[in-house]
$ cat my_file_21.cif   # mmCIF, C-alpha atoms (C1' of nucleotides)
data_start
#
loop_
_atom_site.label_atom_id
_atom_site.label_comp_id
_atom_site.auth_asym_id
_atom_site.auth_seq_id
_atom_site.Cartn_x
_atom_site.Cartn_y
_atom_site.Cartn_z
CA MET M 1 58.87 138.61 119.37
CA LYS M 2 59.82 135.41 121.00
CA THR M 3 60.85 132.25 119.30
CA VAL M 4 59.23 128.94 119.95
CA SER M 5 60.25 127.53 123.27
CA SER M 6 61.94 124.22 123.86
CA ARG M 7 58.77 123.13 125.57
CA ALA M 8 56.99 123.62 122.29
CA ASN M 9 59.59 121.66 120.45
CA ARG M 10 59.41 118.79 122.89
CA ALA M 11 55.73 118.61 122.23
CA PHE M 12 56.42 117.39 118.73
CA SER M 13 56.59 113.67 118.36
CA GLY M 14 57.24 111.19 115.65
CA PRO M 15 60.03 110.89 113.23
CA SER M 16 60.18 114.14 111.59
CA PRO M 17 57.98 117.12 111.72
CA ASN M 18 60.30 118.23 114.42
CA PRO M 19 61.99 121.43 113.37
CA THR M 20 64.66 122.68 115.69
CA ASN M 21 64.70 126.32 114.72
CA GLN M 22 61.17 127.38 114.08
CA VAL M 23 60.42 130.95 113.25
CA ALA M 24 57.70 132.68 115.21
CA ALA M 25 54.27 132.28 113.60
CA SER M 26 55.01 128.69 112.84
CA PRO M 27 52.88 125.70 113.52
CA SER M 28 51.43 125.52 116.93
CA PRO M 29 52.92 123.17 119.50
CA LEU M 30 50.84 120.16 118.65
CA CYS M 31 51.77 116.55 118.22
CA TRP M 32 51.90 115.39 114.67
CA SER M 33 51.13 112.09 113.03
CA PRO M 34 53.92 110.20 111.32
CA TRP M 35 54.49 111.17 107.70
CA LYS M 36 52.25 109.43 105.23
CA SER M 37 52.90 109.27 101.51
CA THR M 38 50.57 110.33 98.75
CA ALA M 39 50.91 109.14 95.18
CA LEU M 40 52.09 112.58 94.08
CA GLN M 41 55.60 112.83 92.78
CA VAL M 42 56.96 116.31 92.10
CA SER M 43 60.18 118.28 92.36
CA ALA M 44 60.85 120.64 95.24
CA THR M 45 60.55 123.51 92.79
CA THR M 46 57.14 122.42 91.60
CA LEU M 47 55.90 121.86 95.15
CA SER M 48 57.11 125.30 96.14
CA GLU M 49 55.43 126.91 93.17
CA THR M 50 52.21 125.04 93.92
CA LEU M 51 52.06 126.08 97.57
CA ASP M 52 53.79 129.44 97.53
CA GLY M 53 53.54 130.73 94.01
CA GLY M 54 50.65 133.12 94.45
CA GLN M 55 47.80 130.63 94.34
CA THR M 56 47.61 130.22 98.10
CA PHE M 57 48.81 132.55 100.83
CA ARG M 58 48.80 130.44 103.97
CA TRP M 59 51.72 128.07 103.43
CA ARG M 60 55.14 128.64 104.95
CA GLN M 61 58.29 126.68 104.44
CA GLN M 62 60.02 125.56 107.61
CA PRO M 63 63.76 125.41 108.24
CA ASP M 64 63.63 121.65 107.63
CA LEU M 65 62.16 122.43 104.18
CA SER M 66 58.76 120.96 105.01
CA TRP M 67 55.69 123.12 104.42
CA SER M 68 53.15 124.14 107.01
CA GLY M 69 49.78 125.27 105.76
CA GLN M 70 46.17 125.71 106.68
CA TRP M 71 42.71 126.21 105.23
CA SER M 72 39.25 126.14 106.79
CA SER M 73 39.89 124.68 110.23
CA HIS M 74 42.59 122.32 108.99
CA GLN M 75 46.32 122.50 109.43
CA VAL M 76 48.66 120.20 107.59
CA ARG M 77 52.33 119.74 106.97
CA LEU M 78 53.77 118.56 103.67
CA ARG M 79 57.22 117.47 102.61
CA LEU M 80 58.95 115.50 99.90
CA SER M 81 60.26 112.05 100.69
CA ALA M 82 63.71 111.02 99.53
CA ALA M 83 61.99 109.40 96.57
CA GLY M 84 60.23 112.64 95.69
CA LEU M 85 56.78 111.67 96.90
CA VAL M 86 54.63 114.28 98.59
CA GLN M 87 54.02 113.23 102.19
CA TYR M 88 51.70 114.74 104.74
CA ALA M 89 51.47 114.90 108.51
CA ILE M 90 48.36 115.88 110.41
CA PRO M 91 47.79 116.85 114.03
CA THR M 92 47.36 113.75 116.16
CA GLY M 93 43.77 113.20 117.08
CA SER M 94 42.52 114.59 113.78
CA ASN M 95 39.50 112.74 112.57
CA ARG M 96 39.14 111.16 109.20
CA SER M 97 37.74 114.27 107.59
CA ILE M 98 41.12 115.91 107.35
CA ARG M 99 42.34 113.21 104.97
CA ILE M 100 39.38 113.95 102.75
CA ALA M 101 40.15 117.64 103.04
CA ILE M 102 43.74 117.03 101.94
CA ARG M 103 42.52 114.99 99.01
CA THR M 104 40.23 117.82 98.00
CA PHE M 105 42.76 120.60 98.59
CA LEU M 106 45.55 118.95 96.61
CA ARG M 107 43.08 117.53 94.07
CA LEU M 108 44.66 114.13 94.49
CA ASP M 109 42.02 112.55 92.27
CA ASP M 110 43.02 114.75 89.34
CA ASP M 111 45.98 113.74 87.19
CA PHE M 112 47.57 117.09 86.46
CA ALA M 113 50.25 115.58 84.26
CA ALA M 114 47.49 114.24 82.05
CA LEU M 115 45.71 117.59 82.15
CA ALA M 116 48.88 119.44 81.16
CA ASP M 117 49.32 116.98 78.33
CA THR M 118 46.14 118.36 76.77
CA LEU M 119 47.65 121.85 76.54
CA PRO M 120 48.96 122.74 73.08
CA TRP M 121 52.61 122.07 73.90
CA ARG M 122 53.16 120.16 70.69
CA SER M 123 52.65 123.31 68.65
CA ASP M 124 53.67 125.89 71.26
CA PRO M 125 57.32 125.70 72.28
CA HIS M 126 56.90 128.23 75.06
CA ILE M 127 54.19 126.38 76.94
CA ALA M 128 56.19 123.21 76.33
CA ASN M 129 59.14 124.85 78.04
CA CYS M 130 57.00 126.02 80.97
CA ILE M 131 55.59 122.53 81.48
CA ALA M 132 59.08 121.04 81.32
CA THR M 133 60.28 123.53 83.93
CA PHE M 134 57.52 122.76 86.46
CA PRO M 135 56.43 119.20 85.75
CA GLY M 136 53.42 118.19 87.81
CA LEU M 137 52.40 121.74 88.72
CA ARG M 138 48.96 121.62 90.32
CA ILE M 139 46.15 123.98 91.10
CA PRO M 140 44.94 123.38 94.64
CA ARG M 141 41.27 123.66 95.44
CA GLN M 142 40.84 126.19 98.22
CA PRO M 143 37.69 127.12 100.14
CA PHE M 144 35.70 129.51 97.98
CA GLY M 145 35.10 132.22 100.57
CA GLU M 146 38.70 132.16 101.75
CA THR M 147 39.94 132.48 98.21
CA LEU M 148 37.73 135.52 97.72
CA LEU M 149 39.10 137.14 100.85
CA CYS M 150 42.72 136.49 99.89
CA PHE M 151 42.37 137.88 96.39
CA LEU M 152 40.51 140.94 97.61
CA CYS M 153 43.77 141.66 99.40
CA SER M 154 45.87 141.15 96.30
CA ALA M 155 45.49 144.35 94.29
CA THR M 156 48.92 145.82 93.50
CA LYS M 157 50.61 143.87 96.26
CA GLN M 158 53.37 141.32 96.18
CA ILE M 159 52.84 137.81 97.46
CA VAL M 160 54.75 138.38 100.71
CA GLN M 161 52.59 141.40 101.50
CA ILE M 162 49.38 139.55 100.72
CA LYS M 163 50.47 136.75 103.03
CA GLU M 164 51.09 139.28 105.76
CA MET M 165 47.64 140.87 105.40
CA VAL M 166 45.95 137.49 105.39
CA ALA M 167 47.90 136.40 108.47
CA LEU M 168 46.82 139.53 110.32
CA LEU M 169 43.18 139.04 109.36
CA ALA M 170 43.36 135.51 110.74
CA LYS M 171 45.19 136.50 113.89
CA ASN M 172 42.91 139.41 114.70
CA TYR M 173 39.53 138.08 113.66
CA GLY M 174 39.74 134.35 112.97
CA ALA M 175 38.68 131.54 115.26
CA GLU M 176 41.53 129.87 117.12
CA ILE M 177 41.68 126.37 115.71
CA ALA M 178 44.76 125.32 117.68
CA PRO M 179 47.03 127.04 120.15
CA ASN M 180 48.44 130.13 118.47
CA LEU M 181 46.78 129.22 115.20
CA HIS M 182 43.81 130.99 113.69
CA ALA M 183 41.48 130.24 110.82
CA LEU M 184 40.58 133.07 108.48
CA PRO M 185 37.59 135.09 109.65
CA THR M 186 34.23 134.18 108.20
CA TRP M 187 32.42 136.70 106.01
CA GLU M 188 29.83 136.96 108.76
CA THR M 189 32.54 138.02 111.19
CA LEU M 190 34.00 140.48 108.72
CA ALA M 191 30.62 142.10 108.18
CA ALA M 192 30.66 143.27 111.78
CA ILE M 193 34.04 145.01 111.53
CA PRO M 194 34.23 148.67 110.50
CA GLU M 195 36.48 149.54 107.57
CA ASP M 196 38.72 151.73 109.70
CA THR M 197 39.35 148.83 112.04
CA LEU M 198 40.14 146.51 109.17
CA ARG M 199 42.77 148.93 107.96
CA LYS M 200 44.91 147.97 110.93
CA CYS M 201 45.63 144.73 109.09
CA LEU M 202 47.79 146.68 106.58
CA LEU M 203 45.03 146.41 104.02
CA GLY M 204 45.12 149.99 102.80
CA PHE M 205 42.38 150.79 100.32
CA ARG M 206 41.57 147.08 100.11
CA ALA M 207 39.85 147.38 103.48
CA ARG M 208 37.01 149.21 101.78
CA TYR M 209 36.56 146.34 99.31
CA ILE M 210 36.50 143.76 102.08
CA ALA M 211 34.09 145.71 104.25
CA ALA M 212 31.74 146.41 101.34
CA THR M 213 31.86 142.83 100.08
CA ALA M 214 31.14 141.57 103.59
CA GLN M 215 28.07 143.83 103.73
CA TYR M 216 26.94 142.63 100.32
CA LEU M 217 27.24 138.99 101.37
CA ALA M 218 25.62 139.55 104.75
CA ALA M 219 22.54 140.85 102.96
CA ARG M 220 22.41 137.77 100.74
CA PRO M 221 22.55 134.48 102.66
CA GLY M 222 23.56 131.59 100.42
CA TRP M 223 24.79 133.86 97.63
CA LEU M 224 28.41 132.75 97.89
CA ASP M 225 27.63 129.03 98.01
CA GLU M 226 25.29 129.37 95.05
CA THR M 227 27.91 131.26 93.08
CA GLU M 228 30.48 128.54 93.68
CA GLN M 229 28.13 126.00 92.09
CA LEU M 230 27.33 128.00 88.96
CA PRO M 231 28.96 127.43 85.56
CA TYR M 232 32.05 129.54 84.99
CA PRO M 233 30.67 132.38 82.85
CA VAL M 234 27.69 133.02 85.12
CA ALA M 235 29.73 132.69 88.28
CA LYS M 236 32.23 135.22 86.97
CA GLN M 237 29.52 137.73 86.17
CA ARG M 238 28.13 137.34 89.66
CA LEU M 239 31.47 137.71 91.39
CA ILE M 240 32.12 140.93 89.52
CA GLU M 241 29.05 142.38 91.24
CA LEU M 242 31.09 142.37 94.45
CA PRO M 243 32.87 145.60 95.39
CA GLY M 244 36.57 145.21 94.71
CA VAL M 245 36.13 142.22 92.42
CA GLY M 246 36.97 142.80 88.78
CA ALA M 247 37.71 140.34 86.01
CA LYS M 248 41.12 139.36 87.35
CA VAL M 249 40.10 138.68 90.93
CA ALA M 250 36.96 136.87 89.78
CA ASP M 251 39.04 134.57 87.60
CA CYS M 252 41.46 133.85 90.44
CA VAL M 253 38.63 133.02 92.82
CA LEU M 254 37.06 130.67 90.29
CA LEU M 255 40.34 129.04 89.29
CA PHE M 256 41.76 128.53 92.78
CA GLY M 257 38.56 128.43 94.84
CA ALA M 258 36.05 126.70 92.58
CA GLY M 259 38.21 124.48 90.40
CA LYS M 260 37.22 126.23 87.17
CA LEU M 261 40.26 125.44 85.08
CA GLU M 262 38.94 127.47 82.16
CA ALA M 263 39.38 130.71 84.11
CA PHE M 264 42.36 132.63 82.74
CA PRO M 265 43.32 135.47 85.10
CA VAL M 266 45.20 138.26 83.36
CA ASP M 267 47.43 140.26 85.66
CA THR M 268 50.46 142.40 84.98
CA TRP M 269 52.73 139.34 84.87
CA ILE M 270 50.61 137.58 82.30
CA LEU M 271 50.19 140.78 80.32
CA LYS M 272 53.96 141.16 80.08
CA ALA M 273 54.53 137.45 79.54
CA MET M 274 52.07 137.25 76.65
CA ALA M 275 53.52 140.37 75.07
CA LYS M 276 57.00 138.93 75.21
CA ARG M 277 56.41 135.25 74.52
CA TYR M 278 53.53 135.49 72.07
CA ASP M 279 54.32 138.81 70.44
CA LEU M 280 51.17 140.46 71.76
CA THR M 281 52.61 143.82 72.74
CA GLY M 282 49.93 146.43 73.27
CA TRP M 283 47.09 143.97 73.70
CA LYS M 284 44.59 144.88 76.38
CA PRO M 285 43.72 142.51 79.26
CA ASP M 286 40.35 141.58 77.71
CA GLN M 287 42.05 140.73 74.45
CA ILE M 288 44.64 138.64 76.23
CA THR M 289 41.88 136.78 78.06
CA HIS M 290 40.24 135.98 74.76
CA PHE M 291 43.53 134.91 73.21
CA GLY M 292 44.31 132.71 76.20
CA ARG M 293 41.01 130.89 76.02
CA GLN M 294 41.31 130.40 72.26
CA HIS M 295 44.94 129.35 72.28
CA PHE M 296 45.11 127.19 75.41
CA GLY M 297 41.58 125.79 75.39
CA PRO M 298 39.38 124.60 78.25
CA LEU M 299 42.31 124.27 80.65
CA ALA M 300 43.59 127.80 80.01
CA GLY M 301 43.81 128.38 83.75
CA LEU M 302 46.37 125.63 84.10
CA ALA M 303 48.34 127.17 81.25
CA GLN M 304 48.15 130.51 83.03
CA GLN M 305 49.65 129.00 86.14
CA TYR M 306 52.52 127.57 84.12
CA LEU M 307 53.13 130.90 82.41
CA PHE M 308 53.01 132.73 85.72
CA ALA M 309 55.42 130.34 87.42
CA TYR M 310 57.83 130.55 84.51
CA GLU M 311 57.96 134.35 84.45
CA ARG M 312 58.41 134.52 88.21
CA ALA M 313 61.32 132.14 87.97
CA GLN M 314 62.89 134.17 85.18
CA ALA M 315 62.64 137.31 87.30
CA ARG M 316 64.73 135.77 90.06
"C1'" DA A 1 63.50 160.33 97.55
"C1'" DT A 2 60.44 158.53 94.13
"C1'" DC A 3 58.43 154.64 92.32
"C1'" DC A 4 56.20 150.44 92.08
"C1'" DA A 5 53.61 146.38 93.58
"C1'" DG A 6 48.90 139.30 90.97
"C1'" DG A 7 43.64 145.79 90.36
"C1'" DT A 8 39.29 148.20 90.71
"C1'" DA A 9 36.19 152.06 90.42
"C1'" DT A 10 35.40 156.40 88.71
"C1'" DG A 11 35.67 160.43 85.91
"C1'" DC A 12 36.19 162.37 81.74
"C1'" DA A 13 36.53 162.54 75.95
"C1'" DT Y 1 33.88 152.17 74.60
"C1'" DG Y 2 38.43 153.82 75.75
"C1'" DC Y 3 41.95 155.76 78.52
"C1'" DA Y 4 43.99 158.31 82.64
"C1'" DT Y 5 43.87 158.71 87.80
"C1'" DA Y 6 43.14 157.94 92.68
"C1'" DC Y 7 43.35 154.66 96.15
"C1'" DC Y 8 46.91 152.66 101.21
"C1'" DT Y 9 51.37 151.24 102.47
"C1'" DG Y 10 55.91 149.27 102.83
"C1'" DG Y 11 60.09 148.16 100.58
"C1'" DA Y 12 63.73 148.76 96.92
#

$ encode --input "my_file_21.cif" --output "structure tokens"
Amino acid sequence: MKTVSSRANRAFSGPSPNPTNQVAASPSPLCWSPWKSTALQVSATTLSETLDGGQTFRWRQQPDLSWSGQWSSHQVRLRLSAAGLVQYAIPTGSNRSIRIAIRTFLRLDDDFAALADTLPWRSDPHIANCIATFPGLRIPRQPFGETLLCFLCSATKQIVQIKEMVALLAKNYGAEIAPNLHALPTWETLAAIPEDTLRKCLLGFRARYIAATAQYLAARPGWLDETEQLPYPVAKQRLIELPGVGAKVADCVLLFGAGKLEAFPVDTWILKAMAKRYDLTGWKPDQITHFGRQHFGPLAGLAQQYLFAYERAQAR
DNA sequence: ATCCAGGTATGCA
DNA sequence: TGCATACCTGGA
């Protein structure tokens, strides 16, 4: 358990991704580009909820309040400028593809304020309140297979625990993409690991789901990529074929990993939130799903994220 | 200590 | 179809 050495800190260059008190498991000792602004303007609260609100599990906030995150073989740092613009830094020597990857991940070509404006806030004071609380909340677009892996870990676990499992999977079985930094393992890699071994990553009974899903995918080359391309209803049906994937996980994978904004995942938070805010006490998850799609429309998944963020904030 | 945590699969009426 | 229960494990 050692902290990052001064040598590591000296290796940072440029104006600011230069934290002085990094926690262990923080970004590897690379050199970083100068900060570059995007056109995104959000509050610190909204940025935090976007990166660390249960949509993604590989972002960590640094002591200097910047965010360090990774997906595929990319690692990126984000922060807010004094003017409230989202800025990014990338490892020096990165090629152009990482900028495209950032654009895809953050969905910079999608105007989420305009999308939220199509939600029924004019007639629904609660969703209006949620939107006002987290203006500019986004839904990142994560790699499909990684999203599946993360949400297979999620059953009856809190976000911090899920992050821990995912970090262990990466550390133990993922390719090293930078010093002391690992990508998530591929499904091909996972297929070669026995369930009992996987359990060492604190997965508990979820290890069986991951092992069985890996076997299923290994027997069906191209299945995952095809599923990502299918229309939402068909893709959901297919995902549910996977061991450990039910309606909720399938909706999360499609919402966060395939950009299907009509997916409306119903978990315990949403169940309680809808009971309380919409007077739907006693409704079953399937009924809530139906209500959500009817009430919130084709962007129900964005509404779900607002509802989820709002309830989490209330609980604190 | 006992219970619960972003669920799913299975076994019974 | 509909409703309990088991399933791992760590933290409150």

$ resolve_selection --input "my_file_21.cif" --expression "the PyMOL selection byres ((chain M) within 7 of (chain A))" --output "ChimeraX atom specification"
/M:154-158,244-246,267-268

$ interface_residues --input "my_file_21.cif" --of "chain M" --to "chain Y" --cutoff "12 Å" --atoms "only C-alpha atoms (C1' of nucleotides)" --output "number ranges by chain"
M: 153, 155-158, 160-162, 164-165, 196, 199-209, 244, 284

$ atom_distance --input "my_file_21.cif" --atom1 "CA of Lys163 (chain M)" --atom2 "CA of Ser33 (chain M)"
26.6 Å

$ atom_distance --input "my_file_21.cif" --atom1 "CA of Gly301 (chain M)" --atom2 "CA of Ala263 (chain M)"
5.0 Å

$ resolve_selection --input "my_file_21.cif" --expression "the PyMOL selection byres ((chain M and resi 102) around 10)" --output "compact mmCIF listing (two decimals) with C-alpha atoms, in the frame of the given file"
# COMPACT_ATOMS: atom_id res chain seq x y z
CA TRP M 71 42.71 126.21 105.23
CA HIS M 74 42.59 122.32 108.99
CA GLN M 75 46.32 122.50 109.43
CA VAL M 76 48.66 120.20 107.59
CA TYR M 88 51.70 114.74 104.74
CA ILE M 90 48.36 115.88 110.41
CA SER M 97 37.74 114.27 107.59
CA ILE M 98 41.12 115.91 107.35
CA ARG M 99 42.34 113.21 104.97
CA ILE M 100 39.38 113.95 102.75
CA ALA M 101 40.15 117.64 103.04
CA ARG M 103 42.52 114.99 99.01
CA THR M 104 40.23 117.82 98.00
CA PHE M 105 42.76 120.60 98.59
CA LEU M 106 45.55 118.95 96.61
CA ARG M 107 43.08 117.53 94.07
CA LEU M 108 44.66 114.13 94.49
CA PRO M 140 44.94 123.38 94.64
CA ARG M 141 41.27 123.66 95.44

$ closest_residue --input "my_file_21.cif" --among "M:Leu224, M:Leu149, M:Leu119, M:Ala183" --to "Ala211 (chain M)" --atoms "all atoms listed in the file"
M:Leu149

$ residues_around --input "my_file_21.cif" --residues "region 250-255 of chain M" --least-positions-apart "6" --cutoff "6 Å" --atoms "only C-alpha atoms (C1' of nucleotides)" --output "list in words"
Thr147, Leu148, Lys236, Leu239, Leu261, Ala263 and Pro265 of chain M

$ resolve_selection --input "my_file_21.cif" --expression "the PyMOL selection byres ((chain M and resi 297) around 12)" --output "tab-separated table (two decimals) with C-alpha atoms, in the coordinates of the input"
chain	number	residue	atom	x	y	z
M	115	LEU	CA	45.71	117.59	82.15
M	116	ALA	CA	48.88	119.44	81.16
M	118	THR	CA	46.14	118.36	76.77
M	119	LEU	CA	47.65	121.85	76.54
M	120	PRO	CA	48.96	122.74	73.08
M	121	TRP	CA	52.61	122.07	73.90
M	261	LEU	CA	40.26	125.44	85.08
M	262	GLU	CA	38.94	127.47	82.16
M	263	ALA	CA	39.38	130.71	84.11
M	264	PHE	CA	42.36	132.63	82.74
M	289	THR	CA	41.88	136.78	78.06
M	290	HIS	CA	40.24	135.98	74.76
M	291	PHE	CA	43.53	134.91	73.21
M	292	GLY	CA	44.31	132.71	76.20
M	293	ARG	CA	41.01	130.89	76.02
M	294	GLN	CA	41.31	130.40	72.26
M	295	HIS	CA	44.94	129.35	72.28
M	296	PHE	CA	45.11	127.19	75.41
M	298	PRO	CA	39.38	124.60	78.25
M	299	LEU	CA	42.31	124.27	80.65
M	300	ALA	CA	43.59	127.80	80.01
M	301	GLY	CA	43.81	128.38	83.75
M	302	LEU	CA	46.37	125.63	84.10
M	303	ALA	CA	48.34	127.17	81.25
M	304	GLN	CA	48.15	130.51	83.03

$ residues_near_point --input "my_file_21.cif" --point "(49.7, 130.7, 98.5)" --cutoff "10 Å" --atoms "only C-alpha atoms (C1' of nucleotides)" --output "list in words"
Ser48, Glu49, Thr50, Leu51, Asp52, Gly53, Gly54, Gln55, Thr56, Phe57, Arg58, Trp59, Arg60, Gly69, Pro140, Gln142, Thr147, Cys150, Ile159, Val160, Ile162 and Lys163 of chain M

$ atom_distance --input "my_file_21.cif" --atom1 "CA of Gln305 (chain M)" --atom2 "CA of Pro231 (chain M)"
20.8 Å
